[in-house]
>>> print(open('model05.cif').read())   # mmCIF, C-alpha atoms and all ligand atoms; chains and numbers go by the auth columns
data_input
#
loop_
_atom_site.group_PDB
_atom_site.id
_atom_site.type_symbol
_atom_site.label_atom_id
_atom_site.label_comp_id
_atom_site.label_asym_id
_atom_site.label_seq_id
_atom_site.Cartn_x
_atom_site.Cartn_y
_atom_site.Cartn_z
_atom_site.B_iso_or_equiv
_atom_site.auth_seq_id
_atom_site.auth_asym_id
ATOM 1 C CA MET A 1 1.470 -9.281 -194.106 0.00 1 A
ATOM 2 C CA SER A 2 2.122 -8.009 -190.594 0.00 2 A
ATOM 3 C CA ALA A 3 0.976 -11.317 -189.046 0.00 3 A
ATOM 4 C CA LEU A 4 3.519 -13.099 -191.226 0.00 4 A
ATOM 5 C CA LEU A 5 6.226 -10.621 -190.252 0.00 5 A
ATOM 6 C CA ASP A 6 5.433 -11.225 -186.575 0.00 6 A
ATOM 7 C CA THR A 7 5.520 -14.988 -187.114 0.00 7 A
ATOM 8 C CA VAL A 8 8.856 -14.857 -188.903 0.00 8 A
ATOM 9 C CA ALA A 9 10.316 -12.599 -186.205 0.00 9 A
ATOM 10 C CA ARG A 10 9.229 -15.084 -183.520 0.00 10 A
ATOM 11 C CA ILE A 11 10.658 -18.047 -185.429 0.00 11 A
ATOM 12 C CA ARG A 12 13.936 -16.266 -186.101 0.00 12 A
ATOM 13 C CA ALA A 13 14.302 -15.633 -182.361 0.00 13 A
ATOM 14 C CA GLU A 14 13.455 -19.260 -181.580 0.00 14 A
ATOM 15 C CA VAL A 15 15.845 -20.716 -184.175 0.00 15 A
ATOM 16 C CA CYS A 16 18.620 -18.414 -182.984 0.00 16 A
ATOM 17 C CA ALA A 17 18.098 -19.379 -179.328 0.00 17 A
ATOM 18 C CA LEU A 18 18.020 -23.095 -180.108 0.00 18 A
ATOM 19 C CA HIS A 19 21.575 -22.944 -181.441 0.00 19 A
ATOM 20 C CA SER A 20 22.590 -22.287 -177.826 0.00 20 A
ATOM 21 C CA GLU A 21 21.291 -25.742 -176.991 0.00 21 A
ATOM 22 C CA LEU A 22 23.682 -27.267 -179.532 0.00 22 A
ATOM 23 C CA THR A 23 26.638 -25.628 -177.806 0.00 23 A
ATOM 24 C CA ARG A 24 25.225 -26.239 -174.297 0.00 24 A
ATOM 25 C CA TYR A 25 25.081 -29.977 -174.924 0.00 25 A
ATOM 26 C CA GLY A 26 28.424 -30.077 -176.731 0.00 26 A
ATOM 27 C CA LEU A 27 26.964 -31.242 -180.037 0.00 27 A
ATOM 28 C CA VAL A 28 28.891 -28.868 -182.285 0.00 28 A
ATOM 29 C CA VAL A 29 32.346 -27.403 -182.829 0.00 29 A
ATOM 30 C CA TRP A 30 33.211 -24.176 -184.616 0.00 30 A
ATOM 31 C CA THR A 31 30.238 -23.543 -186.961 0.00 31 A
ATOM 32 C CA ALA A 32 29.485 -27.173 -187.899 0.00 32 A
ATOM 33 C CA GLY A 33 25.828 -27.653 -187.153 0.00 33 A
ATOM 34 C CA ASN A 34 22.523 -25.965 -187.818 0.00 34 A
ATOM 35 C CA VAL A 35 18.881 -25.638 -186.805 0.00 35 A
ATOM 36 C CA SER A 36 15.988 -24.665 -189.040 0.00 36 A
ATOM 37 C CA ALA A 37 12.240 -24.220 -188.667 0.00 37 A
ATOM 38 C CA ARG A 38 9.332 -24.232 -191.048 0.00 38 A
ATOM 39 C CA VAL A 39 7.180 -21.096 -191.149 0.00 39 A
ATOM 40 C CA PRO A 40 3.776 -22.747 -190.614 0.00 40 A
ATOM 41 C CA GLY A 41 1.277 -22.135 -193.379 0.00 41 A
ATOM 42 C CA HIS A 42 3.848 -20.659 -195.749 0.00 42 A
ATOM 43 C CA ASP A 43 6.400 -22.169 -198.133 0.00 43 A
ATOM 44 C CA LEU A 44 9.160 -20.608 -196.082 0.00 44 A
ATOM 45 C CA MET A 45 11.793 -21.717 -193.598 0.00 45 A
ATOM 46 C CA VAL A 46 14.259 -20.007 -191.252 0.00 46 A
ATOM 47 C CA ILE A 47 17.832 -21.296 -190.923 0.00 47 A
ATOM 48 C CA LYS A 48 21.206 -20.331 -189.509 0.00 48 A
ATOM 49 C CA PRO A 49 23.523 -18.293 -191.723 0.00 49 A
ATOM 50 C CA SER A 50 26.531 -20.228 -193.000 0.00 50 A
ATOM 51 C CA GLY A 51 29.868 -19.902 -191.268 0.00 51 A
ATOM 52 C CA VAL A 52 28.818 -17.549 -188.477 0.00 52 A
ATOM 53 C CA SER A 53 30.061 -18.369 -184.962 0.00 53 A
ATOM 54 C CA TYR A 54 27.391 -19.493 -182.551 0.00 54 A
ATOM 55 C CA ASP A 55 28.234 -16.724 -180.109 0.00 55 A
ATOM 56 C CA ALA A 56 27.731 -14.145 -182.854 0.00 56 A
ATOM 57 C CA LEU A 57 24.270 -15.349 -183.881 0.00 57 A
ATOM 58 C CA ALA A 58 21.339 -12.970 -183.456 0.00 58 A
ATOM 59 C CA PRO A 59 17.693 -13.330 -184.493 0.00 59 A
ATOM 60 C CA GLY A 60 18.105 -10.782 -187.285 0.00 60 A
ATOM 61 C CA LEU A 61 20.930 -12.843 -188.823 0.00 61 A
ATOM 62 C CA MET A 62 18.744 -15.917 -189.315 0.00 62 A
ATOM 63 C CA VAL A 63 18.107 -16.376 -193.036 0.00 63 A
ATOM 64 C CA VAL A 64 14.607 -16.775 -194.458 0.00 64 A
ATOM 65 C CA THR A 65 14.368 -18.969 -197.556 0.00 65 A
ATOM 66 C CA ASP A 66 11.714 -20.607 -199.656 0.00 66 A
ATOM 67 C CA LEU A 67 11.363 -24.394 -199.528 0.00 67 A
ATOM 68 C CA HIS A 68 13.965 -24.756 -202.266 0.00 68 A
ATOM 69 C CA GLY A 69 16.504 -22.981 -200.083 0.00 69 A
ATOM 70 C CA VAL A 70 16.456 -19.742 -202.036 0.00 70 A
ATOM 71 C CA PRO A 71 16.766 -16.705 -199.750 0.00 71 A
ATOM 72 C CA VAL A 72 13.752 -14.470 -199.769 0.00 72 A
ATOM 73 C CA SER A 73 14.933 -11.063 -200.822 0.00 73 A
ATOM 74 C CA GLY A 74 14.337 -7.784 -199.079 0.00 74 A
ATOM 75 C CA ASP A 75 12.317 -6.568 -202.057 0.00 75 A
ATOM 76 C CA GLU A 76 9.794 -9.345 -201.672 0.00 76 A
ATOM 77 C CA THR A 77 9.481 -8.845 -197.958 0.00 77 A
ATOM 78 C CA ALA A 78 9.509 -5.102 -197.522 0.00 78 A
ATOM 79 C CA GLY A 79 13.126 -5.218 -196.467 0.00 79 A
ATOM 80 C CA GLU A 80 12.380 -7.056 -193.250 0.00 80 A
ATOM 81 C CA TRP A 81 14.143 -10.353 -193.883 0.00 81 A
ATOM 82 C CA GLY A 82 16.921 -9.671 -196.331 0.00 82 A
ATOM 83 C CA ASN A 83 20.483 -10.391 -195.216 0.00 83 A
ATOM 84 C CA PRO A 84 22.433 -9.592 -198.371 0.00 84 A
ATOM 85 C CA ASP A 85 25.773 -10.356 -196.742 0.00 85 A
ATOM 86 C CA LEU A 86 24.763 -13.738 -195.356 0.00 86 A
ATOM 87 C CA SER A 87 24.220 -17.055 -197.100 0.00 87 A
ATOM 88 C CA PRO A 88 21.967 -19.680 -195.592 0.00 88 A
ATOM 89 C CA SER A 89 23.662 -22.733 -194.053 0.00 89 A
ATOM 90 C CA SER A 90 25.411 -25.038 -196.488 0.00 90 A
ATOM 91 C CA ASP A 91 22.916 -27.713 -195.406 0.00 91 A
ATOM 92 C CA THR A 92 19.919 -25.621 -196.467 0.00 92 A
ATOM 93 C CA ALA A 93 19.072 -27.797 -199.494 0.00 93 A
ATOM 94 C CA ALA A 94 18.841 -30.842 -197.231 0.00 94 A
ATOM 95 C CA HIS A 95 16.567 -29.082 -194.729 0.00 95 A
ATOM 96 C CA ALA A 96 14.393 -27.681 -197.531 0.00 96 A
ATOM 97 C CA TYR A 97 13.991 -31.099 -199.162 0.00 97 A
ATOM 98 C CA VAL A 98 12.767 -32.506 -195.831 0.00 98 A
ATOM 99 C CA TYR A 99 10.164 -29.741 -195.454 0.00 99 A
ATOM 100 C CA ARG A 100 8.946 -30.264 -199.040 0.00 100 A
ATOM 101 C CA ASN A 101 8.567 -33.993 -198.617 0.00 101 A
ATOM 102 C CA MET A 102 7.592 -34.438 -194.945 0.00 102 A
ATOM 103 C CA PRO A 103 4.691 -32.065 -194.327 0.00 103 A
ATOM 104 C CA ASP A 104 4.439 -32.863 -190.616 0.00 104 A
ATOM 105 C CA VAL A 105 8.038 -31.846 -189.948 0.00 105 A
ATOM 106 C CA GLY A 106 8.397 -28.371 -188.441 0.00 106 A
ATOM 107 C CA GLY A 107 12.067 -28.454 -187.475 0.00 107 A
ATOM 108 C CA VAL A 108 15.327 -29.975 -188.716 0.00 108 A
ATOM 109 C CA VAL A 109 18.712 -30.143 -186.992 0.00 109 A
ATOM 110 C CA HIS A 110 22.134 -31.242 -188.170 0.00 110 A
ATOM 111 C CA THR A 111 25.204 -31.746 -186.013 0.00 111 A
ATOM 112 C CA HIS A 112 28.486 -33.620 -186.138 0.00 112 A
ATOM 113 C CA SER A 113 28.199 -34.723 -182.508 0.00 113 A
ATOM 114 C CA THR A 114 31.091 -37.019 -181.719 0.00 114 A
ATOM 115 C CA TYR A 115 29.607 -40.376 -180.795 0.00 115 A
ATOM 116 C CA ALA A 116 26.715 -40.287 -183.255 0.00 116 A
ATOM 117 C CA THR A 117 29.140 -39.330 -186.006 0.00 117 A
ATOM 118 C CA ALA A 118 31.452 -42.173 -185.026 0.00 118 A
ATOM 119 C CA TRP A 119 28.571 -44.598 -185.664 0.00 119 A
ATOM 120 C CA ALA A 120 27.944 -42.805 -188.984 0.00 120 A
ATOM 121 C CA ALA A 121 31.605 -43.180 -189.920 0.00 121 A
ATOM 122 C CA ARG A 122 31.245 -46.946 -189.550 0.00 122 A
ATOM 123 C CA GLY A 123 27.890 -46.960 -191.359 0.00 123 A
ATOM 124 C CA GLU A 124 26.411 -48.836 -188.407 0.00 124 A
ATOM 125 C CA GLU A 125 22.912 -48.244 -187.083 0.00 125 A
ATOM 126 C CA ILE A 126 22.584 -47.864 -183.307 0.00 126 A
ATOM 127 C CA PRO A 127 20.718 -50.893 -181.956 0.00 127 A
ATOM 128 C CA CYS A 128 17.794 -50.297 -179.631 0.00 128 A
ATOM 129 C CA VAL A 129 19.250 -51.548 -176.354 0.00 129 A
ATOM 130 C CA LEU A 130 18.135 -48.755 -173.998 0.00 130 A
ATOM 131 C CA THR A 131 14.708 -47.790 -172.737 0.00 131 A
ATOM 132 C CA MET A 132 15.600 -44.198 -173.641 0.00 132 A
ATOM 133 C CA MET A 133 15.950 -45.350 -177.247 0.00 133 A
ATOM 134 C CA GLY A 134 12.560 -47.041 -177.141 0.00 134 A
ATOM 135 C CA ASP A 135 11.083 -43.843 -175.713 0.00 135 A
ATOM 136 C CA GLU A 136 12.555 -41.340 -178.134 0.00 136 A
ATOM 137 C CA PHE A 137 13.405 -43.345 -181.246 0.00 137 A
ATOM 138 C CA GLY A 138 10.982 -46.296 -181.165 0.00 138 A
ATOM 139 C CA GLY A 139 13.719 -48.635 -182.366 0.00 139 A
ATOM 140 C CA THR A 140 17.145 -48.441 -183.914 0.00 140 A
ATOM 141 C CA ILE A 141 18.645 -45.179 -185.139 0.00 141 A
ATOM 142 C CA PRO A 142 19.123 -45.917 -188.837 0.00 142 A
ATOM 143 C CA ILE A 143 21.939 -45.181 -191.228 0.00 143 A
ATOM 144 C CA GLY A 144 21.253 -43.085 -194.323 0.00 144 A
ATOM 145 C CA PRO A 145 23.233 -43.289 -197.549 0.00 145 A
ATOM 146 C CA PHE A 146 26.465 -41.481 -198.285 0.00 146 A
ATOM 147 C CA ALA A 147 25.595 -38.208 -200.030 0.00 147 A
ATOM 148 C CA LEU A 148 27.545 -35.138 -201.058 0.00 148 A
ATOM 149 C CA ILE A 149 26.683 -31.717 -199.647 0.00 149 A
ATOM 150 C CA GLY A 150 25.100 -29.036 -201.785 0.00 150 A
ATOM 151 C CA ASP A 151 22.069 -30.422 -203.604 0.00 151 A
ATOM 152 C CA ASP A 152 19.039 -32.584 -202.773 0.00 152 A
ATOM 153 C CA SER A 153 21.090 -35.756 -202.220 0.00 153 A
ATOM 154 C CA ILE A 154 21.285 -35.500 -198.436 0.00 154 A
ATOM 155 C CA GLY A 155 17.625 -34.532 -198.173 0.00 155 A
ATOM 156 C CA GLN A 156 16.606 -37.509 -200.308 0.00 156 A
ATOM 157 C CA GLY A 157 18.641 -39.813 -198.082 0.00 157 A
ATOM 158 C CA ILE A 158 17.057 -38.391 -194.940 0.00 158 A
ATOM 159 C CA VAL A 159 13.499 -38.694 -196.254 0.00 159 A
ATOM 160 C CA GLU A 160 13.980 -42.178 -197.734 0.00 160 A
ATOM 161 C CA THR A 161 15.425 -43.421 -194.455 0.00 161 A
ATOM 162 C CA LEU A 162 13.002 -41.785 -192.041 0.00 162 A
ATOM 163 C CA LYS A 163 9.702 -42.026 -193.895 0.00 163 A
ATOM 164 C CA ASN A 164 9.142 -45.611 -192.745 0.00 164 A
ATOM 165 C CA SER A 165 10.887 -45.318 -189.391 0.00 165 A
ATOM 166 C CA ASN A 166 9.781 -44.301 -185.905 0.00 166 A
ATOM 167 C CA SER A 167 13.126 -42.618 -185.449 0.00 167 A
ATOM 168 C CA PRO A 168 13.410 -38.817 -185.644 0.00 168 A
ATOM 169 C CA ALA A 169 17.163 -39.262 -186.218 0.00 169 A
ATOM 170 C CA VAL A 170 19.186 -40.625 -189.104 0.00 170 A
ATOM 171 C CA LEU A 171 22.943 -41.025 -189.201 0.00 171 A
ATOM 172 C CA MET A 172 24.022 -40.053 -192.688 0.00 172 A
ATOM 173 C CA GLN A 173 26.911 -42.336 -193.556 0.00 173 A
ATOM 174 C CA ASN A 174 30.365 -40.792 -193.116 0.00 174 A
ATOM 175 C CA HIS A 175 28.705 -37.485 -192.207 0.00 175 A
ATOM 176 C CA GLY A 176 26.604 -37.265 -189.069 0.00 176 A
ATOM 177 C CA PRO A 177 23.155 -37.025 -187.538 0.00 177 A
ATOM 178 C CA PHE A 178 20.172 -35.198 -188.994 0.00 178 A
ATOM 179 C CA THR A 179 17.092 -35.019 -186.781 0.00 179 A
ATOM 180 C CA ILE A 180 13.510 -33.955 -187.335 0.00 180 A
ATOM 181 C CA GLY A 181 10.635 -32.885 -185.123 0.00 181 A
ATOM 182 C CA LYS A 182 7.176 -31.443 -185.252 0.00 182 A
ATOM 183 C CA ASN A 183 8.882 -28.206 -184.235 0.00 183 A
ATOM 184 C CA PRO A 184 12.528 -27.115 -184.022 0.00 184 A
ATOM 185 C CA ARG A 185 12.765 -27.685 -180.276 0.00 185 A
ATOM 186 C CA GLU A 186 11.722 -31.327 -180.728 0.00 186 A
ATOM 187 C CA ALA A 187 14.350 -31.730 -183.456 0.00 187 A
ATOM 188 C CA VAL A 188 17.002 -30.310 -181.105 0.00 188 A
ATOM 189 C CA LYS A 189 15.844 -32.680 -178.385 0.00 189 A
ATOM 190 C CA ALA A 190 16.239 -35.619 -180.793 0.00 190 A
ATOM 191 C CA ALA A 191 19.785 -34.445 -181.585 0.00 191 A
ATOM 192 C CA VAL A 192 20.637 -34.299 -177.864 0.00 192 A
ATOM 193 C CA MET A 193 19.120 -37.739 -177.224 0.00 193 A
ATOM 194 C CA CYS A 194 20.816 -39.189 -180.293 0.00 194 A
ATOM 195 C CA GLU A 195 24.242 -38.205 -179.039 0.00 195 A
ATOM 196 C CA GLU A 196 23.470 -39.442 -175.528 0.00 196 A
ATOM 197 C CA VAL A 197 22.415 -42.927 -176.642 0.00 197 A
ATOM 198 C CA ALA A 198 25.220 -43.131 -179.211 0.00 198 A
ATOM 199 C CA ARG A 199 27.681 -42.528 -176.380 0.00 199 A
ATOM 200 C CA THR A 200 26.034 -44.945 -173.960 0.00 200 A
ATOM 201 C CA VAL A 201 25.705 -47.796 -176.458 0.00 201 A
ATOM 202 C CA HIS A 202 29.280 -47.253 -177.585 0.00 202 A
ATOM 203 C CA ILE A 203 30.497 -47.566 -173.974 0.00 203 A
ATOM 204 C CA ALA A 204 28.285 -50.603 -173.377 0.00 204 A
ATOM 205 C CA ARG A 205 29.857 -52.231 -176.421 0.00 205 A
ATOM 206 C CA GLN A 206 33.322 -51.818 -174.907 0.00 206 A
ATOM 207 C CA LEU A 207 32.195 -53.858 -171.908 0.00 207 A
ATOM 208 C CA GLY A 208 30.303 -56.667 -173.636 0.00 208 A
ATOM 209 C CA GLU A 209 27.336 -57.282 -175.901 0.00 209 A
ATOM 210 C CA PRO A 210 24.344 -55.036 -175.090 0.00 210 A
ATOM 211 C CA LEU A 211 21.074 -56.884 -174.578 0.00 211 A
ATOM 212 C CA PRO A 212 18.384 -56.306 -177.204 0.00 212 A
ATOM 213 C CA ILE A 213 14.854 -55.234 -176.193 0.00 213 A
ATOM 214 C CA ASP A 214 11.839 -57.071 -177.646 0.00 214 A
ATOM 215 C CA GLN A 215 10.032 -55.052 -180.305 0.00 215 A
ATOM 216 C CA ALA A 216 6.743 -55.305 -178.357 0.00 216 A
ATOM 217 C CA LYS A 217 8.431 -53.709 -175.342 0.00 217 A
ATOM 218 C CA ILE A 218 10.030 -51.049 -177.550 0.00 218 A
ATOM 219 C CA ASP A 219 6.584 -50.268 -178.987 0.00 219 A
ATOM 220 C CA SER A 220 5.136 -49.984 -175.493 0.00 220 A
ATOM 221 C CA LEU A 221 7.938 -47.667 -174.333 0.00 221 A
ATOM 222 C CA HIS A 222 7.564 -45.507 -177.431 0.00 222 A
ATOM 223 C CA ASP A 223 3.803 -45.252 -177.106 0.00 223 A
ATOM 224 C CA ARG A 224 3.972 -44.236 -173.440 0.00 224 A
ATOM 225 C CA TYR A 225 6.713 -41.668 -173.981 0.00 225 A
ATOM 226 C CA GLN A 226 5.118 -40.151 -177.064 0.00 226 A
ATOM 227 C CA ASN A 227 1.527 -40.086 -175.776 0.00 227 A
ATOM 228 C CA VAL A 228 1.540 -40.066 -171.982 0.00 228 A
ATOM 229 C CA TYR A 229 4.903 -38.846 -170.645 0.00 229 A
ATOM 230 C CA GLY A 230 4.929 -35.226 -169.535 0.00 230 A
ATOM 231 C CA ARG A 231 1.261 -34.634 -170.278 0.00 231 A
HETATM 232 O O1 LIG B . 28.505 -30.880 -192.838 0.00 301 A
HETATM 233 C C1 LIG B . 28.876 -29.753 -192.998 0.00 301 A
HETATM 234 C C2 LIG B . 30.169 -29.503 -193.628 0.00 301 A
HETATM 235 O O2 LIG B . 30.825 -30.718 -193.815 0.00 301 A
HETATM 236 C C3 LIG B . 28.005 -28.666 -192.550 0.00 301 A
HETATM 237 O O3 LIG B . 27.226 -29.141 -191.496 0.00 301 A
HETATM 238 C C4 LIG B . 28.639 -27.380 -192.169 0.00 301 A
HETATM 239 O O4 LIG B . 29.680 -27.576 -191.251 0.00 301 A
HETATM 240 C C5 LIG B . 27.594 -26.467 -191.618 0.00 301 A
HETATM 241 O O5 LIG B . 28.059 -25.198 -191.652 0.00 301 A
HETATM 242 P P1 LIG B . 27.082 -23.984 -191.909 0.00 301 A
HETATM 243 O O6 LIG B . 27.069 -23.778 -193.396 0.00 301 A
HETATM 244 O O7 LIG B . 25.737 -24.359 -191.347 0.00 301 A
HETATM 245 O O8 LIG B . 27.741 -22.876 -191.153 0.00 301 A
#
>>> encode(input="model05.cif", output="structure tokens")
Amino acid sequence: MSALLDTVARIRAEVCALHSELTRYGLVVWTAGNVSARVPGHDLMVIKPSGVSYDALAPGLMVVTDLHGVPVSGDETAGEWGNPDLSPSSDTAAHAYVYRNMPDVGGVVHTHSTYATAWAARGEEIPCVLTMMGDEFGGTIPIGPFALIGDDSIGQGIVETLKNSNSPAVLMQNHGPFTIGKNPREAVKAAVMCEEVARTVHIARQLGEPLPIDQAKIDSLHDRYQNVYGR
């Protein structure tokens, strides 16, 4: 049990700190965005509490839930994880559905970053017209279906859209980006990159028609960035 407690404490600190990246890169306003992480080897996840300001977050406020989004109570965890006054993020069901159905995913992020959400509002995928998109997304950033918040609907849309895609980002229609990664830091990185390319392609569109990149070249970019870059 103590190894698990240590692991959860480390992940709570990591998830808490990663929310600073959302504010640092201007991806969120007020409390509208969240990061979660899987607890490896356990049917547990750690996620931001709902409605708490980013500057008030602390590791001990991160909520531990099972993979159905149900908070794990203090009784079950020797009082170490319970936050009786805090609810997990309102997007918890979506994050939990992703962890249940995508076993390789270790982190999930949701924001309403401006440019990516503007593409989502139009229901338009972002075409792969930048080498940075080939690198990070391996193609277009797809649109997911419209889904209401609160149950598995958003999670189903994320999984259905991303399971056959290279992209770690999906723009849920009329809502905003959800990103995944093998760990929460990678999911945050995808959220940062998603907003950056959404902004750049939007600006390019104001000036003319962006040039597409051949799929073979996109595949080459993606392979290099995923397997060679930074190693
Ligand atoms: O999309 C929405 C609401 O429309 C959510 O992303 C919330 O804005 C997240 O708030 P928390 O419950 O995570 O504080």
>>> residues_near_ligand(input="model05.cif", ligand="ligand LIG 301 (chain A)", cutoff="12 Å", atoms="all atoms listed in the file", output="number ranges by chain")
A: 19, 27-36, 47-54, 57, 62-63, 86-95, 109-113, 117, 147-150, 154, 172-178
>>> axis_aligned_box(input="model05.cif", around="range 57-70 of chain A", padding_each_side="8 Å", output="AutoDock Vina command-line options")
--center_x 17.8 --center_y -17.8 --center_z -192.9 --size_x 28.9 --size_y 30.0 --size_z 34.8
>>> atom_distance(input="model05.cif", atom1="CA of Asn227 in chain A", atom2="CA of Val129 in chain A")
21.1 Å
>>> closest_atom_pairs(input="model05.cif", of="range 103-205 of chain A", to="range 217-226 of chain A", cutoff="9 Å", atoms="all atoms listed in the file", output="JSON lines")
{"residue": "A:Cys128", "atom": "CA", "partner": "A:Ile218", "partner_atom": "CA", "distance": 8.1}
{"residue": "A:Thr131", "atom": "CA", "partner": "A:Leu221", "partner_atom": "CA", "distance": 7.0}
{"residue": "A:Met132", "atom": "CA", "partner": "A:Leu221", "partner_atom": "CA", "distance": 8.4}
{"residue": "A:Met133", "atom": "CA", "partner": "A:Ile218", "partner_atom": "CA", "distance": 8.2}
{"residue": "A:Gly134", "atom": "CA", "partner": "A:Ile218", "partner_atom": "CA", "distance": 4.8}
{"residue": "A:Asp135", "atom": "CA", "partner": "A:His222", "partner_atom": "CA", "distance": 4.3}
{"residue": "A:Glu136", "atom": "CA", "partner": "A:His222", "partner_atom": "CA", "distance": 6.5}
{"residue": "A:Phe137", "atom": "CA", "partner": "A:His222", "partner_atom": "CA", "distance": 7.3}
{"residue": "A:Gly138", "atom": "CA", "partner": "A:His222", "partner_atom": "CA", "distance": 5.1}
{"residue": "A:Gly139", "atom": "CA", "partner": "A:Ile218", "partner_atom": "CA", "distance": 6.5}
{"residue": "A:Asn166", "atom": "CA", "partner": "A:His222", "partner_atom": "CA", "distance": 8.8}
>>> resolve_selection(input="model05.cif", expression="the PyMOL selection byres (((chain A and resi 185) around 10) and not hetatm)", output="count of residues only")
23
>>> closest_residue(input="model05.cif", among="A:Ser20, A:Thr140, A:Ser165, A:Thr65", to="Tyr99 in chain A", atoms="all atoms listed in the file")
A:Thr65
>>> atom_distance(input="model05.cif", atom1="CA of Leu44 in chain A", atom2="CA of Val72 in chain A")
8.5 Å
>>> atom_distance(input="model05.cif", atom1="CA of Gly26 in chain A", atom2="CA of Asp55 in chain A")
13.8 Å
>>> residues_around(input="model05.cif", residues="Ala58 in chain A", least_positions_apart="6", cutoff="9 Å", atoms="only C-alpha atoms", output="CSV table (one decimal) with C-alpha atoms, in the frame of the given file")
chain,number,residue,atom,x,y,z
A,12,ARG,CA,13.9,-16.3,-186.1
A,13,ALA,CA,14.3,-15.6,-182.4
A,16,CYS,CA,18.6,-18.4,-183.0
A,17,ALA,CA,18.1,-19.4,-179.3
>>> residues_around(input="model05.cif", residues="Leu211 in chain A", least_positions_apart="3", cutoff="12 Å", atoms="only C-alpha atoms", output="tab-separated table (two decimals) with C-alpha atoms, keeping the file's coordinate frame")
chain	number	residue	atom	x	y	z
A	127	PRO	CA	20.72	-50.89	-181.96
A	128	CYS	CA	17.79	-50.30	-179.63
A	129	VAL	CA	19.25	-51.55	-176.35
A	130	LEU	CA	18.14	-48.76	-174.00
A	131	THR	CA	14.71	-47.79	-172.74
A	201	VAL	CA	25.70	-47.80	-176.46
A	204	ALA	CA	28.28	-50.60	-173.38
A	205	ARG	CA	29.86	-52.23	-176.42
A	207	LEU	CA	32.20	-53.86	-171.91
A	208	GLY	CA	30.30	-56.67	-173.64
A	214	ASP	CA	11.84	-57.07	-177.65
>>> closest_residue(input="model05.cif", among="A:Ala116, A:Ile158, A:Ala216, A:Leu5", to="Val64 in chain A", atoms="only C-alpha atoms")
A:Leu5
>>> decode(input="model05.cif", residues="range 193-208 of chain A", atoms="N, CA and C atoms", output="CSV table (one decimal), in the first residue's frame")
chain,number,residue,atom,x,y,z
A,193,MET,N,0.8,22.4,-28.7
A,193,MET,CA,1.0,22.3,-30.1
A,193,MET,C,-0.3,22.5,-30.9
A,194,CYS,N,-1.3,21.9,-30.4
A,194,CYS,CA,-2.6,22.0,-31.1
A,194,CYS,C,-3.0,23.5,-31.3
A,195,GLU,N,-2.9,24.2,-30.2
A,195,GLU,CA,-3.3,25.6,-30.2
A,195,GLU,C,-2.3,26.4,-31.2
A,196,GLU,N,-1.1,26.1,-31.1
A,196,GLU,CA,-0.1,26.8,-32.0
A,196,GLU,C,-0.4,26.6,-33.4
A,197,VAL,N,-0.7,25.3,-33.9
A,197,VAL,CA,-0.9,25.1,-35.3
A,197,VAL,C,-2.3,25.6,-35.7
A,198,ALA,N,-3.2,25.5,-34.8
A,198,ALA,CA,-4.6,26.1,-35.1
A,198,ALA,C,-4.5,27.6,-35.4
A,199,ARG,N,-3.6,28.3,-34.6
A,199,ARG,CA,-3.5,29.7,-34.8
A,199,ARG,C,-2.7,30.0,-36.1
A,200,THR,N,-1.7,29.2,-36.4
A,200,THR,CA,-0.9,29.5,-37.6
A,200,THR,C,-1.7,29.2,-38.8
A,201,VAL,N,-2.4,28.1,-38.8
A,201,VAL,CA,-3.1,27.7,-40.1
A,201,VAL,C,-4.3,28.7,-40.3
A,202,HIS,N,-4.9,29.1,-39.2
A,202,HIS,CA,-5.9,30.2,-39.3
A,202,HIS,C,-5.4,31.4,-40.0
A,203,ILE,N,-4.2,31.9,-39.5
A,203,ILE,CA,-3.6,33.1,-40.1
A,203,ILE,C,-3.2,32.9,-41.5
A,204,ALA,N,-2.7,31.7,-41.8
A,204,ALA,CA,-2.3,31.4,-43.2
A,204,ALA,C,-3.5,31.5,-44.1
A,205,ARG,N,-4.6,31.0,-43.6
A,205,ARG,CA,-5.9,31.0,-44.4
A,205,ARG,C,-6.4,32.4,-44.7
A,206,GLN,N,-6.0,33.4,-43.8
A,206,GLN,CA,-6.4,34.7,-44.1
A,206,GLN,C,-5.6,35.3,-45.3
A,207,LEU,N,-4.5,34.7,-45.5
A,207,LEU,CA,-3.6,35.3,-46.5
A,207,LEU,C,-3.7,34.5,-47.9
A,208,GLY,N,-4.3,33.4,-47.9
A,208,GLY,CA,-4.4,32.6,-49.1
A,208,GLY,C,-4.7,31.2,-48.8
